[in-house]
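Visitor: Please read through the structure below; I'll follow up with questions.
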Amino acid sequence: MTYQAINLAQKLALINERWQPKVVAEMNDYQFKLVKLQGDFIWHDHKDTDETFIVVDGVLRIDFRDGAVQLAAGEMFVVPRGVQHKPYAEREVKLLLIEPRGVLNTGETGSERTAQNDVWI
């Protein structure tokens with residue numbers, strides 16, 4: 001077996017598009033996904049799972065129907081299952097997402113922003 005660390009900066013450098021999460025690792029049924037964001041996303045939720053946002057670089061705001069949370073590099077937030085949310089980034093943000101395999105980035109809402117699942121980099 002070969003043991004090799006995953007360098008998040010190197011993997012992020014391979015991502016050119018925004019709002020298209022890419023899988024970098026799996027643990028049990030969970031995927032670790034890197035993504036670049038900028039601008040406004042859509043309101044959505046994930047009925048069956050929590051979703052973890054870890055900011056690698058930049059500032060992310062996650063809007064909720066009753067408030068918002070702002071995250072800077074090195075901070076994380078877990079959005080509880082079933083809670084409607086909408087990420088927003090004024091400038092480009094680099095994120096690590098942790099969620100179960102098969103979860104769509106737009107939840108059940110679907111839109112032109114729905115990314116293909118299980119794309120590895």
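By order of appearance in the structure tokens: chains A, B, ..., then residues from 1 within every chain, and ligands from 1 in the order shown.
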Do a neighbour search on Gln116 (chain A) at 9 Å with only C-alpha atoms, toss out local chain neighbours closer than 6 positions, and write the hits as a list in words.

Guide: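 The filter keeps Gln20, Pro21, Leu104 and Asn105 of chain A.
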
Visitor: Apply DSSP to the backbone of this structure and, from chain A, keep only the residues in helix (DSSP H, G or I); write these as a VMD selection string.

Guide: chain A and resid 8 to 13

Visitor: Output all heavy atoms of each residue in that selection to a file, as a PDB file, in the first residue's frame.

Guide:
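Done, and the output landed in out.pdb:
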ATOM      1  N   LEU A   8      -4.294  19.959  -0.004  1.00  0.00           N
ATOM      2  CA  LEU A   8      -5.504  20.681  -0.405  1.00  0.00           C
ATOM      3  C   LEU A   8      -5.200  21.818  -1.378  1.00  0.00           C
ATOM      4  O   LEU A   8      -5.943  22.040  -2.332  1.00  0.00           O
ATOM      5  CB  LEU A   8      -6.237  21.207   0.829  1.00  0.00           C
ATOM      6  CG  LEU A   8      -6.708  20.157   1.833  1.00  0.00           C
ATOM      7  CD1 LEU A   8      -7.439  20.825   2.985  1.00  0.00           C
ATOM      8  CD2 LEU A   8      -7.579  19.106   1.174  1.00  0.00           C
ATOM      9  N   ALA A   9      -4.101  22.545  -1.162  1.00  0.00           N
ATOM     10  CA  ALA A   9      -3.749  23.650  -2.062  1.00  0.00           C
ATOM     11  C   ALA A   9      -3.479  23.139  -3.472  1.00  0.00           C
ATOM     12  O   ALA A   9      -3.918  23.749  -4.459  1.00  0.00           O
ATOM     13  CB  ALA A   9      -2.542  24.413  -1.519  1.00  0.00           C
ATOM     14  N   GLN A  10      -2.773  22.025  -3.587  1.00  0.00           N
ATOM     15  CA  GLN A  10      -2.502  21.454  -4.918  1.00  0.00           C
ATOM     16  C   GLN A  10      -3.793  21.016  -5.592  1.00  0.00           C
ATOM     17  O   GLN A  10      -3.990  21.241  -6.790  1.00  0.00           O
ATOM     18  CB  GLN A  10      -1.533  20.284  -4.813  1.00  0.00           C
ATOM     19  CG  GLN A  10      -0.122  20.697  -4.509  1.00  0.00           C
ATOM     20  CD  GLN A  10       0.797  19.495  -4.309  1.00  0.00           C
ATOM     21  OE1 GLN A  10       0.358  18.352  -4.156  1.00  0.00           O
ATOM     22  NE2 GLN A  10       2.099  19.753  -4.311  1.00  0.00           N
ATOM     23  N   LYS A  11      -4.668  20.380  -4.857  1.00  0.00           N
ATOM     24  CA  LYS A  11      -5.944  19.929  -5.425  1.00  0.00           C
ATOM     25  C   LYS A  11      -6.812  21.118  -5.831  1.00  0.00           C
ATOM     26  O   LYS A  11      -7.432  21.116  -6.892  1.00  0.00           O
ATOM     27  CB  LYS A  11      -6.700  19.034  -4.436  1.00  0.00           C
ATOM     28  CG  LYS A  11      -6.020  17.721  -4.136  1.00  0.00           C
ATOM     29  CD  LYS A  11      -6.030  16.800  -5.329  1.00  0.00           C
ATOM     30  CE  LYS A  11      -5.514  15.429  -4.964  1.00  0.00           C
ATOM     31  NZ  LYS A  11      -5.548  14.502  -6.100  1.00  0.00           N
ATOM     32  N   LEU A  12      -6.863  22.155  -4.983  1.00  0.00           N
ATOM     33  CA  LEU A  12      -7.655  23.341  -5.312  1.00  0.00           C
ATOM     34  C   LEU A  12      -7.141  24.023  -6.574  1.00  0.00           C
ATOM     35  O   LEU A  12      -7.926  24.574  -7.358  1.00  0.00           O
ATOM     36  CB  LEU A  12      -7.665  24.321  -4.142  1.00  0.00           C
ATOM     37  CG  LEU A  12      -8.633  23.956  -3.024  1.00  0.00           C
ATOM     38  CD1 LEU A  12      -8.269  24.672  -1.733  1.00  0.00           C
ATOM     39  CD2 LEU A  12     -10.066  24.269  -3.430  1.00  0.00           C
ATOM     40  N   ALA A  13      -5.829  23.979  -6.805  1.00  0.00           N
ATOM     41  CA  ALA A  13      -5.243  24.589  -8.002  1.00  0.00           C
ATOM     42  C   ALA A  13      -5.724  23.899  -9.285  1.00  0.00           C
ATOM     43  O   ALA A  13      -5.688  24.491 -10.368  1.00  0.00           O
ATOM     44  CB  ALA A  13      -3.720  24.563  -7.921  1.00  0.00           C
TER      45      ALA A  13
END

Visitor: Between CA of Arg81 (chain A) and CA of Val103 (chain A), what is the distance, to one decimal in Å?

Guide: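 Distance between the two atoms: 11.7 Å.
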
Visitor: Enumerate, as number ranges by chain, the complete set of residues in region 20-81 of chain A that a backbone-based DSSP assignment places in strand (DSSP E).

Guide: A: 22-27, 30-40, 51-57, 59-64, 67-72, 76-79

Visitor: Quick one: residues within 9 Å of Val59 (chain A), only C-alpha atoms counted, chain neighbours fewer than 3 positions away excluded, as a PyMOL selection string?

Guide: chain A and resi 55+70-73+89-94

Visitor: Filtering to N, CA and C atoms, could you give me those residues as a compact mmCIF listing (two decimals), in the first residue's frame?

Guide:
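Once everything was written out, this is selection-v4.txt:
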# COMPACT_ATOMS: atom_id res chain seq x y z
N VAL A 55 -13.89 26.42 5.72
CA VAL A 55 -13.31 27.42 4.84
C VAL A 55 -11.79 27.28 4.85
N GLN A 70 -21.19 33.81 9.36
CA GLN A 70 -20.07 34.15 8.50
C GLN A 70 -18.86 33.36 8.96
N LEU A 71 -18.15 32.76 7.99
CA LEU A 71 -17.00 31.93 8.27
C LEU A 71 -15.77 32.48 7.55
N ALA A 72 -14.65 32.55 8.26
CA ALA A 72 -13.38 32.95 7.68
C ALA A 72 -12.49 31.71 7.55
N ALA A 73 -11.35 31.87 6.89
CA ALA A 73 -10.41 30.76 6.72
C ALA A 73 -10.09 30.15 8.08
N ALA A 89 -20.65 34.17 -1.38
CA ALA A 89 -19.26 34.62 -1.27
C ALA A 89 -19.06 35.84 -2.15
N GLU A 90 -18.76 36.97 -1.53
CA GLU A 90 -18.52 38.19 -2.30
C GLU A 90 -17.29 38.02 -3.19
N ARG A 91 -16.22 37.43 -2.63
CA ARG A 91 -15.01 37.11 -3.39
C ARG A 91 -14.84 35.59 -3.36
N GLU A 92 -13.98 35.08 -4.20
CA GLU A 92 -13.81 33.63 -4.28
C GLU A 92 -13.45 33.04 -2.92
N VAL A 93 -14.12 31.94 -2.61
CA VAL A 93 -13.88 31.18 -1.38
C VAL A 93 -13.50 29.76 -1.77
N LYS A 94 -12.56 29.20 -1.04
CA LYS A 94 -12.16 27.80 -1.24
C LYS A 94 -12.61 27.03 -0.01

Visitor: Quick one: residues within 8 Å of Ile98 (chain A), only C-alpha atoms, excluding same-chain residues fewer than 2 positions away - as number ranges by chain?

Guide: A: 30-33, 51-53, 96, 100

Visitor: For His46 (chain A), which of A:Pro87, A:Ser111, A:Leu95, A:Pro80 is the closest residue, counting only C-alpha atoms?

Guide: A:Pro80

Visitor: Please, what distance in Å, to one decimal, runs between CA of Glu108 (chain A) and CA of Gln84 (chain A)?

Guide: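 The value is 11.1 Å.
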
Visitor: For Arg18 (chain A), which of A:Ala115, A:Ile121, A:Val56, A:Ile42 is the closest residue, counting only C-alpha atoms?

Guide: A:Ala115

Visitor: CA of Val78 (chain A) to CA of Glu17 (chain A): how many Å, to one decimal?

Guide: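 Going from CA of Val78 (chain A) over to CA of Glu17 (chain A) covers 24.1 Å.
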